[in-house]
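J.: run.cif is reproduced in full below (mmCIF, C-alpha atoms and all ligand atoms).
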data_entry
#
loop_
_atom_site.label_atom_id
_atom_site.label_comp_id
_atom_site.auth_asym_id
_atom_site.auth_seq_id
_atom_site.Cartn_x
_atom_site.Cartn_y
_atom_site.Cartn_z
CA MET M 1 175.08 95.10 157.08
CA LEU M 2 175.75 98.11 159.33
CA PHE M 3 177.60 97.14 162.47
CA THR M 4 175.89 99.91 164.42
CA ASP M 5 172.61 97.99 163.84
CA VAL M 6 174.17 94.91 165.45
CA ILE M 7 175.23 96.98 168.46
CA ARG M 8 171.81 98.63 168.72
CA CYS M 9 170.06 95.25 168.51
CA LYS M 10 172.00 93.93 171.52
CA ARG M 11 171.87 97.27 173.34
CA ASP M 12 168.06 97.08 173.19
CA GLY M 13 167.99 93.49 174.51
CA GLY M 14 167.50 91.74 171.16
CA VAL M 15 168.76 88.36 170.02
CA LEU M 16 171.59 88.38 167.44
CA GLY M 17 171.08 86.22 164.37
CA LYS M 18 173.63 83.81 162.94
CA GLU M 19 174.50 86.26 160.13
CA GLN M 20 175.06 89.13 162.55
CA ILE M 21 177.35 86.97 164.73
CA ARG M 22 179.27 85.78 161.69
CA TYR M 23 179.65 89.40 160.49
CA PHE M 24 180.96 90.41 163.92
CA VAL M 25 183.48 87.53 164.09
CA ASP M 26 184.72 88.17 160.54
CA GLY M 27 185.20 91.86 161.41
CA LEU M 28 187.02 90.94 164.62
CA THR M 29 189.34 88.65 162.69
CA ASP M 30 190.28 91.01 159.88
CA SER M 31 190.10 94.12 162.13
CA SER M 32 187.55 95.74 159.82
CA ILE M 33 185.41 96.44 162.90
CA PRO M 34 187.33 98.98 165.00
CA ALA M 35 188.03 98.48 168.70
CA GLU M 36 185.47 101.10 169.81
CA GLN M 37 182.64 99.22 168.08
CA VAL M 38 183.87 95.87 169.41
CA SER M 39 183.92 97.40 172.91
CA ALA M 40 180.40 98.75 172.51
CA LEU M 41 179.06 95.34 171.49
CA ALA M 42 181.03 93.64 174.30
CA MET M 43 179.42 95.99 176.83
CA ALA M 44 175.94 95.44 175.34
CA ILE M 45 176.43 91.64 175.61
CA PHE M 46 177.82 92.06 179.12
CA LEU M 47 174.71 94.00 180.17
CA ASN M 48 172.02 92.11 178.25
CA GLY M 49 173.47 88.59 177.99
CA MET M 50 173.14 86.06 175.18
CA SER M 51 170.90 83.05 174.69
CA PHE M 52 172.45 79.56 174.74
CA GLU M 53 171.98 79.52 170.97
CA GLU M 54 173.78 82.88 170.45
CA ALA M 55 176.68 81.84 172.72
CA GLY M 56 177.01 78.56 170.77
CA GLN M 57 177.12 80.45 167.47
CA LEU M 58 179.70 82.91 168.78
CA THR M 59 181.80 79.97 170.05
CA ARG M 60 181.70 78.08 166.76
CA ALA M 61 182.35 81.21 164.67
CA MET M 62 185.37 82.19 166.81
CA ALA M 63 186.69 78.58 166.83
CA SER M 64 186.68 78.50 163.03
CA SER M 65 188.09 82.01 162.60
CA GLY M 66 191.57 80.47 162.09
CA THR M 67 193.31 77.11 161.94
CA VAL M 68 191.57 74.13 163.58
CA LEU M 69 194.10 71.53 164.68
CA ASP M 70 193.66 67.86 163.86
CA TRP M 71 195.65 65.29 165.83
CA THR M 72 194.28 62.17 164.14
CA ASP M 73 197.32 61.79 161.89
CA ALA M 74 199.92 62.72 164.54
CA GLY M 75 200.57 59.11 165.61
CA LEU M 76 199.71 59.74 169.29
CA ASP M 77 199.13 56.67 171.47
CA GLY M 78 196.98 58.41 174.12
CA PRO M 79 194.07 60.84 174.39
CA VAL M 80 194.41 64.54 173.50
CA VAL M 81 193.09 66.32 176.56
CA ASP M 82 193.44 69.69 178.25
CA LYS M 83 192.39 71.75 181.25
CA HIS M 84 191.37 75.39 181.25
CA SER M 85 190.80 77.74 184.12
CA THR M 86 188.35 80.63 184.17
CA GLY M 87 191.16 82.64 185.78
CA GLY M 88 192.42 83.47 189.23
CA VAL M 89 195.31 84.97 191.18
CA GLY M 90 198.41 82.82 191.68
CA ASP M 91 196.93 80.10 189.48
CA LYS M 92 199.94 78.11 188.31
CA VAL M 93 198.05 74.81 187.95
CA SER M 94 198.78 74.50 184.19
CA PHE M 95 202.55 74.23 184.69
CA LEU M 96 202.01 71.29 187.03
CA LEU M 97 199.05 69.50 185.56
CA ALA M 98 200.20 69.47 181.90
CA PRO M 99 203.45 67.58 182.62
CA ILE M 100 201.76 65.32 185.20
CA ALA M 101 199.05 64.34 182.68
CA ALA M 102 201.75 63.84 180.03
CA ALA M 103 203.68 61.56 182.39
CA CYS M 104 200.44 59.56 182.82
CA GLY M 105 200.14 58.96 179.05
CA CYS M 106 197.94 61.88 177.92
CA TYR M 107 198.84 64.44 175.26
CA VAL M 108 198.21 68.02 176.33
CA PRO M 109 198.31 70.72 173.61
CA MET M 110 197.67 73.63 175.95
CA ILE M 111 196.84 76.92 174.29
CA SER M 112 196.72 79.47 177.05
CA GLY M 113 195.79 83.11 177.44
CA ARG M 114 197.48 86.27 178.67
CA GLY M 115 196.49 88.11 181.84
CA LEU M 116 192.85 89.12 181.84
CA GLY M 117 191.46 91.81 184.15
CA HIS M 118 193.01 91.31 187.59
CA THR M 119 194.05 87.69 186.85
CA GLY M 120 197.44 86.46 185.65
CA GLY M 121 197.94 84.70 182.31
CA THR M 122 199.73 81.42 181.66
CA THR M 123 201.33 82.78 178.46
CA ASP M 124 202.84 85.76 180.29
CA LYS M 125 204.15 83.50 183.06
CA VAL M 126 205.82 81.01 180.73
CA GLU M 127 207.56 83.89 178.93
CA SER M 128 209.67 84.45 182.04
CA ILE M 129 211.66 81.35 180.97
CA PRO M 130 214.45 82.73 178.74
CA GLY M 131 214.37 81.42 175.19
CA TYR M 132 210.98 79.68 175.61
CA LEU M 133 208.99 80.14 172.40
CA SER M 134 205.48 80.86 173.58
CA MET M 135 204.29 81.37 169.99
CA PRO M 136 205.88 78.52 168.01
CA ASP M 137 204.63 77.51 164.59
CA PHE M 138 202.25 74.55 164.50
CA LYS M 139 204.94 72.19 163.22
CA LEU M 140 207.06 72.73 166.32
CA PHE M 141 203.99 72.70 168.59
CA ARG M 142 202.94 69.28 167.23
CA LYS M 143 206.50 67.97 167.53
CA VAL M 144 206.79 68.98 171.20
CA VAL M 145 203.33 67.66 172.09
CA LYS M 146 204.33 64.33 170.58
CA SER M 147 207.81 64.10 172.13
CA ALA M 148 207.20 65.66 175.59
CA GLY M 149 203.50 64.80 175.91
CA CYS M 150 202.63 68.44 176.53
CA ALA M 151 203.29 71.92 175.21
CA ILE M 152 202.07 75.10 176.85
CA ILE M 153 201.92 77.92 174.33
CA GLY M 154 200.12 81.22 173.79
CA GLN M 155 197.36 81.88 171.35
CA THR M 156 199.16 82.26 168.02
CA SER M 157 197.72 84.58 165.39
CA ASP M 158 196.31 81.64 163.41
CA LEU M 159 194.42 79.99 166.28
CA ALA M 160 190.99 81.46 167.09
CA PRO M 161 192.28 84.92 166.04
CA ALA M 162 188.84 86.43 166.63
CA ASP M 163 189.02 85.49 170.31
CA ARG M 164 192.59 86.76 170.56
CA ARG M 165 191.53 90.27 169.56
CA PHE M 166 188.25 90.17 171.49
CA TYR M 167 190.07 88.94 174.64
CA ALA M 168 192.57 91.83 174.49
CA ILE M 169 189.77 94.39 174.11
CA ARG M 170 187.61 92.84 176.87
CA ASP M 171 190.65 92.86 179.17
CA VAL M 172 190.75 96.67 179.25
CA THR M 173 187.04 97.55 178.87
CA GLY M 174 185.51 95.99 181.99
CA THR M 175 183.65 93.35 179.95
CA VAL M 176 185.24 90.14 181.19
CA GLU M 177 182.72 88.85 183.74
CA SER M 178 180.06 87.61 181.33
CA VAL M 179 178.96 83.95 181.16
CA PRO M 180 178.41 83.83 177.35
CA LEU M 181 181.61 85.76 176.60
CA ILE M 182 183.78 83.60 178.87
CA THR M 183 182.13 80.44 177.50
CA ALA M 184 182.77 81.43 173.88
CA SER M 185 186.29 82.66 174.58
CA ILE M 186 187.43 79.51 176.33
CA LEU M 187 185.71 77.01 174.07
CA ALA M 188 186.73 78.72 170.82
CA LYS M 189 190.38 78.05 171.72
CA LYS M 190 189.72 74.54 172.95
CA ILE M 191 187.67 73.48 169.93
CA ALA M 192 190.32 74.95 167.63
CA ALA M 193 192.97 72.94 169.52
CA GLY M 194 191.27 69.70 168.39
CA LEU M 195 190.83 68.16 171.85
CA SER M 196 188.98 64.94 172.61
CA ALA M 197 188.25 65.89 176.24
CA LEU M 198 188.46 68.99 178.43
CA VAL M 199 188.42 69.63 182.17
CA MET M 200 187.37 73.09 183.32
CA ASP M 201 188.53 74.73 186.51
CA VAL M 202 185.70 77.13 187.25
CA LYS M 203 186.93 79.40 190.00
CA VAL M 204 184.56 80.96 192.50
CA GLY M 205 185.24 83.64 195.06
CA ASN M 206 186.46 87.19 195.45
CA GLY M 207 189.46 86.63 193.15
CA ALA M 208 187.43 84.96 190.40
CA PHE M 209 185.30 86.42 187.63
CA MET M 210 182.38 84.53 189.14
CA GLU M 211 182.10 85.62 192.77
CA SER M 212 179.06 83.55 193.82
CA ASP M 213 178.42 79.82 193.77
CA ALA M 214 175.31 80.32 191.62
CA ARG M 215 177.25 82.29 188.95
CA ALA M 216 180.10 79.75 188.92
CA ARG M 217 177.61 76.91 188.40
CA GLU M 218 175.87 78.88 185.67
CA LEU M 219 179.23 79.29 183.91
CA ALA M 220 180.19 75.62 184.39
CA LYS M 221 176.85 74.45 182.95
CA SER M 222 177.11 76.91 180.05
CA ILE M 223 180.59 75.61 179.17
CA ILE M 224 179.66 71.92 179.52
CA GLY M 225 176.46 72.39 177.47
CA THR M 226 178.07 74.49 174.73
CA ALA M 227 181.07 72.12 174.49
CA ALA M 228 178.68 69.18 174.05
CA THR M 229 177.12 70.86 170.98
CA ALA M 230 180.61 70.76 169.43
CA GLY M 231 181.20 67.11 170.48
CA LEU M 232 183.76 68.01 173.16
CA GLN M 233 183.42 65.90 176.34
CA THR M 234 183.85 68.35 179.25
CA HIS M 235 183.91 67.96 183.04
CA ALA M 236 184.06 70.97 185.38
CA LEU M 237 185.37 71.42 188.90
CA ILE M 238 184.23 74.38 190.96
CA THR M 239 187.25 75.48 193.01
CA ASP M 240 187.91 78.14 195.60
CA MET M 241 189.46 81.50 194.67
CA ASN M 242 189.06 83.43 197.93
CA GLU M 243 192.82 83.62 198.36
CA VAL M 244 195.91 83.29 196.20
CA LEU M 245 196.42 79.69 195.06
CA GLY M 246 199.77 78.46 196.38
CA THR M 247 202.38 80.76 197.88
CA SER M 248 203.20 83.16 195.04
CA ALA M 249 201.52 85.56 192.64
CA GLY M 250 203.48 87.20 189.83
CA ASN M 251 204.82 85.79 186.58
CA ALA M 252 208.36 84.48 187.24
CA LEU M 253 207.60 83.86 190.92
CA GLU M 254 204.86 81.41 189.94
CA ILE M 255 207.20 79.57 187.59
CA ALA M 256 209.68 79.21 190.47
CA GLU M 257 206.95 77.79 192.73
CA SER M 258 205.90 75.40 189.95
CA VAL M 259 209.42 74.03 189.59
CA ARG M 260 209.70 73.46 193.35
CA TYR M 261 206.39 71.59 193.19
CA LEU M 262 207.48 69.41 190.27
CA ARG M 263 210.73 68.66 192.10
CA ASN M 264 208.47 67.48 194.95
CA GLU M 265 210.16 69.95 197.30
CA GLN M 266 207.33 72.29 198.17
CA ARG M 267 203.69 71.45 197.48
CA GLU M 268 201.35 73.90 199.18
CA ALA M 269 198.31 71.92 200.35
CA ARG M 270 195.48 73.81 198.62
CA LEU M 271 197.37 74.05 195.34
CA ASP M 272 198.21 70.34 195.58
CA GLU M 273 194.56 69.45 196.11
CA VAL M 274 193.45 71.45 193.06
CA VAL M 275 196.20 69.98 190.85
CA LEU M 276 195.51 66.37 191.82
CA ALA M 277 191.74 66.74 191.53
CA LEU M 278 191.88 68.43 188.10
CA CYS M 279 194.58 66.17 186.72
CA GLY M 280 192.80 63.06 188.02
CA GLU M 281 189.63 64.30 186.32
CA MET M 282 191.55 64.64 183.04
CA LEU M 283 192.41 60.95 183.24
CA VAL M 284 188.76 60.10 183.95
CA ALA M 285 187.26 62.42 181.29
CA SER M 286 189.64 61.07 178.66
CA GLY M 287 188.89 57.43 179.55
CA MET M 288 192.40 56.65 180.87
CA GLU M 289 190.98 55.72 184.31
CA ASP M 290 187.45 54.83 185.50
CA ASP M 291 188.04 55.56 189.14
CA ARG M 292 188.95 58.98 190.61
CA GLY M 293 191.01 57.44 193.43
CA ALA M 294 193.13 55.41 191.00
CA ALA M 295 193.54 58.44 188.72
CA ARG M 296 194.76 60.58 191.59
CA LYS M 297 197.23 57.90 192.70
CA ARG M 298 198.63 57.74 189.17
CA CYS M 299 199.14 61.53 189.19
CA GLU M 300 200.85 61.40 192.60
CA ASP M 301 203.20 58.66 191.35
CA ALA M 302 204.10 60.81 188.32
CA ILE M 303 205.21 63.63 190.64
CA VAL M 304 207.09 61.52 193.17
CA SER M 305 208.91 59.46 190.50
CA GLY M 306 210.18 62.63 188.79
CA ALA M 307 208.38 61.70 185.54
CA ALA M 308 206.33 64.92 185.58
CA ALA M 309 209.44 67.07 186.11
CA GLU M 310 211.05 65.24 183.20
CA ALA M 311 208.06 65.98 180.93
CA PHE M 312 208.29 69.68 181.90
CA ALA M 313 212.04 69.70 181.16
CA LYS M 314 211.46 68.11 177.74
CA MET M 315 208.71 70.60 176.92
CA CYS M 316 210.88 73.52 178.00
CA ALA M 317 213.91 72.42 175.98
CA GLY M 318 211.74 71.46 172.99
CA LEU M 319 210.32 74.99 172.88
CA GLY M 320 213.72 76.68 173.06
CA GLY M 321 214.10 77.11 176.84
CA PRO M 322 217.21 76.03 178.78
CA ALA M 323 217.69 72.25 178.87
CA ASP M 324 218.68 72.47 182.57
CA PHE M 325 215.85 74.81 183.59
CA ILE M 326 214.41 72.43 186.21
CA ASP M 327 217.83 72.17 187.91
CA ARG M 328 218.87 75.84 187.62
CA PHE M 329 215.63 77.80 187.42
CA GLU M 330 216.83 80.36 189.99
CA HIS M 331 219.74 81.21 187.72
CA TYR M 332 217.46 81.78 184.71
CA LEU M 333 214.39 83.58 186.07
CA PRO M 334 214.35 87.40 186.24
CA ARG M 335 214.69 88.91 189.72
CA ALA M 336 213.27 92.14 191.05
CA GLU M 337 215.57 94.89 192.40
CA VAL M 338 213.73 95.17 195.70
CA VAL M 339 212.64 92.13 197.74
CA ARG M 340 211.44 92.60 201.29
CA PRO M 341 209.06 91.11 203.87
CA ILE M 342 205.65 92.55 204.71
CA HIS M 343 204.73 92.08 208.35
CA ALA M 344 201.38 92.05 210.13
CA GLU M 345 200.05 90.85 213.50
CA GLY M 346 197.29 88.33 214.26
CA TYR M 347 195.48 85.61 212.32
CA LEU M 348 194.91 86.18 208.64
CA GLN M 349 191.11 86.02 208.44
CA ALA M 350 190.27 86.94 204.86
CA VAL M 351 191.84 88.29 201.67
CA ASN M 352 190.37 90.50 198.97
CA THR M 353 192.01 88.43 196.24
CA ARG M 354 191.00 90.71 193.37
CA ALA M 355 192.84 93.55 195.15
CA VAL M 356 195.96 91.35 195.35
CA GLY M 357 195.73 90.85 191.56
CA SER M 358 195.31 94.60 191.09
CA ALA M 359 198.36 95.24 193.31
CA ILE M 360 200.41 93.08 190.93
CA ILE M 361 199.13 95.11 187.96
CA GLU M 362 200.23 98.28 189.79
CA LEU M 363 203.67 96.73 190.28
CA GLY M 364 203.86 96.29 186.49
CA GLY M 365 203.18 92.52 186.47
CA GLY M 366 199.84 92.87 184.62
CA ARG M 367 198.45 95.13 181.90
CA ARG M 368 196.54 98.41 182.10
CA THR M 369 196.46 98.88 178.32
CA VAL M 370 196.35 96.51 175.31
CA GLY M 371 199.80 95.15 174.46
CA GLN M 372 201.63 96.71 177.46
CA ASP M 373 205.02 95.10 178.28
CA LEU M 374 205.20 93.45 181.68
CA ASP M 375 207.80 93.34 184.42
CA LEU M 376 207.88 89.56 184.82
CA ALA M 377 209.94 89.63 188.04
CA VAL M 378 207.49 91.48 190.28
CA GLY M 379 204.77 90.18 192.61
CA PHE M 380 204.51 88.47 195.96
CA SER M 381 206.12 85.25 197.22
CA ALA M 382 206.03 83.31 200.50
CA ILE M 383 202.37 84.34 200.81
CA THR M 384 200.83 82.87 203.93
CA GLY M 385 197.40 81.31 203.70
CA ILE M 386 194.18 82.29 205.43
CA GLY M 387 194.30 81.02 209.03
CA SER M 388 198.05 81.63 209.46
CA GLN M 389 199.24 83.38 212.60
CA LEU M 390 201.50 86.32 211.80
CA ASP M 391 204.07 88.06 213.97
CA ARG M 392 207.52 89.61 213.73
CA GLN M 393 209.02 86.25 212.73
CA GLN M 394 206.33 85.15 210.29
CA PRO M 395 205.71 87.71 207.51
CA LEU M 396 202.52 87.93 205.50
CA ALA M 397 204.52 87.74 202.25
CA LEU M 398 207.61 89.00 200.46
CA VAL M 399 207.10 91.79 197.95
CA HIS M 400 209.19 91.84 194.76
CA ALA M 401 209.27 95.29 193.12
CA ALA M 402 211.30 97.38 190.70
CA THR M 403 211.72 100.31 193.10
CA ASP M 404 211.34 101.09 196.80
CA SER M 405 208.35 103.30 196.16
CA ASP M 406 206.64 100.52 194.17
CA ALA M 407 207.34 98.15 197.07
CA ASP M 408 205.87 100.67 199.55
CA ARG M 409 202.69 100.99 197.49
CA ALA M 410 202.38 97.22 197.01
CA GLN M 411 202.83 96.74 200.77
CA ARG M 412 200.02 99.21 201.49
CA ASN M 413 197.81 97.54 198.88
CA LEU M 414 198.44 94.03 200.22
CA LEU M 415 197.83 95.02 203.84
CA ALA M 416 194.63 96.83 202.83
CA ALA M 417 193.48 93.66 201.02
CA CYS M 418 193.86 91.52 204.18
CA THR M 419 191.71 91.26 207.29
CA PHE M 420 193.36 90.20 210.57
CA GLY M 421 191.80 88.99 213.82
CA HIS M 422 192.49 87.32 217.15
CA GLU M 423 191.05 83.91 216.20
CA PRO M 424 191.72 81.65 213.21
CA PRO M 425 188.74 81.58 210.79
CA ALA M 426 186.79 78.39 210.00
CA GLU M 427 188.46 76.16 207.38
CA ARG M 428 187.09 76.25 203.83
CA PRO M 429 187.26 73.47 201.25
CA VAL M 430 189.19 74.12 198.06
CA ILE M 431 187.11 71.85 195.77
CA TYR M 432 183.40 72.63 195.98
CA ASP M 433 181.95 70.33 193.32
CA ILE M 434 182.55 68.25 190.20
CA LEU M 435 180.04 68.55 187.33
CA THR M 436 180.09 66.11 184.46
CA ALA M 437 176.93 66.92 182.49
N1 LIG W 1 189.76 82.57 180.09
C1 LIG W 1 189.58 82.78 178.76
O1 LIG W 1 190.26 82.17 177.92
N2 LIG W 1 188.66 83.64 178.37
C2 LIG W 1 187.87 84.33 179.24
O2 LIG W 1 187.04 85.10 178.81
C3 LIG W 1 188.06 84.12 180.63
C4 LIG W 1 189.02 83.23 181.03
#
Mind turning this structure into structure tokens?
Ligand code: URA
T.:
Amino acid sequence: MLFTDVIRCKRDGGVLGKEQIRYFVDGLTDSSIPAEQVSALAMAIFLNGMSFEEAGQLTRAMASSGTVLDWTDAGLDGPVVDKHSTGGVGDKVSFLLAPIAAACGCYVPMISGRGLGHTGGTTDKVESIPGYLSMPDFKLFRKVVKSAGCAIIGQTSDLAPADRRFYAIRDVTGTVESVPLITASILAKKIAAGLSALVMDVKVGNGAFMESDARARELAKSIIGTAATAGLQTHALITDMNEVLGTSAGNALEIAESVRYLRNEQREARLDEVVLALCGEMLVASGMEDDRGAARKRCEDAIVSGAAAEAFAKMCAGLGGPADFIDRFEHYLPRAEVVRPIHAEGYLQAVNTRAVGSAIIELGGGRRTVGQDLDLAVGFSAITGIGSQLDRQQPLALVHAATDSDADRAQRNLLAACTFGHEPPAERPVIYDILTA
């Protein structure tokens, strides 16, 4: 088969056959199809779409391109369940929800991604913990899932390797925002992880890949429907991404905020709502609870009792991180050279959240090219939410940068991304809907 024929077929709006998709996925996996041809097909799919059938085939082929985990013989006494987000800015939900769900009796083998487009990646964030093995072998991964109840790791070379390469190429070729490609990318990893249930956080808004409600619903339905063909029970929440989630955006800064949350010291309201709703839904989707109210209460108890913080600490130590990370995270996390407030006047009316993500990439906290090293310390903290009144006392945020000139540019970018006014804007919900089938 000539791969140019596969590209031409999709370029001209055709439907790819099973053999063509298999040929593509094999070539992705063994790198026999070069990046320029992968990019060309990605762009053709982005522009012309894929049928439900094609997306299902791409998902299954990518899921079986490497090891498929099996937990049946691991001796676990609870369901194997996970959450996955379609990506946002300041999204640190995984670091909270995985240990909370573990403290509630679930097992969460979370295989996460790196930054994609303007969004941050869980794997990059967790690598700001010194010593933490984000790419352990499967033996250690299984051991930590069993002992801590959760393990957050990156996509190792043996797990859905086709997606790993495709993801890195899509990241830098403007081909991320495609319903079939996002569906296949997410589900390939989740099917390969051997889950019994999945909860999706489908983000909608100007910081999400899906900017409109209709597109977010289309993606949620595509993921739920495609997952069902592989026997994976999936629920989806549609959640707001029209501003940074929580008070920080940037790799190490988000880990710091997560620890303060798990210590029950600082739980920003919108982040808290998303965490409790998604984590509660994990208990419902996996059959641990029938009732959403009871599930949520169980999650809250796991935070307040310290059980969730304990699960995080066990996971961290089990994967090579400091045993006292929860107590001394400030000592361990990297710090930027320059930290200073950004001031503005008036009510914060709206935020161009994608531009905030791009500002972090410009600071060095996200990638412009495949494989680029990141500055994990940079970003924004103490970010005020939409509706806040700003003045000389109350800054918009703190910028963390490597140099003064980087900080100056990030300040200009952040201020340009924000709209200010004399009145507070109307309140918006953070959870828009829950879809179960
Ligand atoms: N998350 C993924 O894992 N893949 C995508 O394509 C988008 C978000």
J.: Compute the set of protein, DNA and RNA residues whose minimum atom distance to ligand LIG 1 (chain W) is at most 6 Å, using all atoms listed in the file, and state it as JSON, numbers by chain.
T.: {"M": [86, 87, 113, 176, 181, 182, 185, 186]}
J.: Nearest residue to Glu257 of chain M out of M:Asn242, M:Thr175, M:Thr353, M:Ser381, using all atoms listed in the file?
T.: M:Ser381
J.: Of the residues M:Gly357, M:Gly364, M:Gly17, M:Pro79, which is the one nearest to Ser286 of chain M, using only C-alpha atoms?
T.: M:Pro79
J.: Atom CA of His331 of chain M and atom CA of Ala249 of chain M are how many Å apart?
T.: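 So the two atoms, atom CA of His331 of chain M and atom CA of Ala249 of chain M, lie 19.4 Å apart.
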J.: Where does segment 288-374 of chain M meet segment 160-169 of chain M within 12 Å, residue by residue, with the nearest atom pair and distance in Å to one decimal for each, counting only C-alpha atoms, listed by chain and rising number, as a tab-separated table?
T.:
residue	atom	partner	partner_atom	distance
M:Arg367	CA	M:Ala168	CA	10.0
M:Arg368	CA	M:Ala168	CA	10.8
M:Thr369	CA	M:Ala168	CA	8.9
M:Val370	CA	M:Ala168	CA	6.1
M:Gly371	CA	M:Ala168	CA	8.0
M:Gln372	CA	M:Ala168	CA	10.7
J.: Mind listing as JSON, numbers by chain all residues within 6 Å of (197.9, 69.9, 175.6), counting all atoms listed in the file?
T.: {"M": [82, 107, 108, 109, 110, 150, 151]}
J.: Tell me, in Å to one decimal, how far atom CA of Gly366 of chain M is from atom CA of Ser212 of chain M.
T.: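 Interatomic distance here is 24.6 Å.
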J.: Produce a table with one row for each residue of segment 306-352 of chain M that has an atom at most 10 Å from any atom of segment 97-101 of chain M, each row naming the nearest atom pair and its distance in Å at one decimal; use all atoms listed in the file; arrange rows by chain and rising residue number; format as a Markdown table.
T.:
| residue | atom | partner | partner_atom | distance |
| --- | --- | --- | --- | --- |
| M:Gly306 | CA | M:Ile100 | CA | 9.5 |
| M:Ala307 | CA | M:Ile100 | CA | 7.6 |
| M:Ala308 | CA | M:Ile100 | CA | 4.6 |
| M:Ala309 | CA | M:Pro99 | CA | 7.0 |
| M:Glu310 | CA | M:Pro99 | CA | 8.0 |
| M:Ala311 | CA | M:Pro99 | CA | 5.2 |
| M:Phe312 | CA | M:Pro99 | CA | 5.3 |
| M:Ala313 | CA | M:Pro99 | CA | 9.0 |
| M:Lys314 | CA | M:Pro99 | CA | 9.4 |
| M:Met315 | CA | M:Pro99 | CA | 8.3 |
J.: Tell me which of M:Val80, M:Val25, M:Leu376, M:Ile434 sits closest to Leu58 of chain M, counting only C-alpha atoms.
T.: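 Between M:Val80, M:Val25, M:Leu376, M:Ile434, the residue approaching Leu58 of chain M most closely is M:Val25.
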J.: Quick check, in Å to one decimal: how far apart do atom CA of Glu254 of chain M and atom CA of Lys92 of chain M lie?
T.: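 Going from atom CA of Glu254 of chain M over to atom CA of Lys92 of chain M covers 6.1 Å.
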J.: Hey, which of M:Ala295, M:Ala382, M:Ala417, M:Cys9 ends up closest to Gln394 of chain M? Count only C-alpha atoms.
T.: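 Of the candidates, the smallest distance to Gln394 of chain M is held by M:Ala382.
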J.: May I have the residues within 9 Å of Val38 of chain M as a list in words, using all atoms listed in the file and disregarding those fewer than 2 positions away in the same chain?
T.: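 The residues that qualify are Ile7, Phe24, Leu28, Ile33, Pro34, Ala35, Glu36, Ala40, Leu41, Ala42, Met43, Phe166, Ile169 and Arg170 of chain M.
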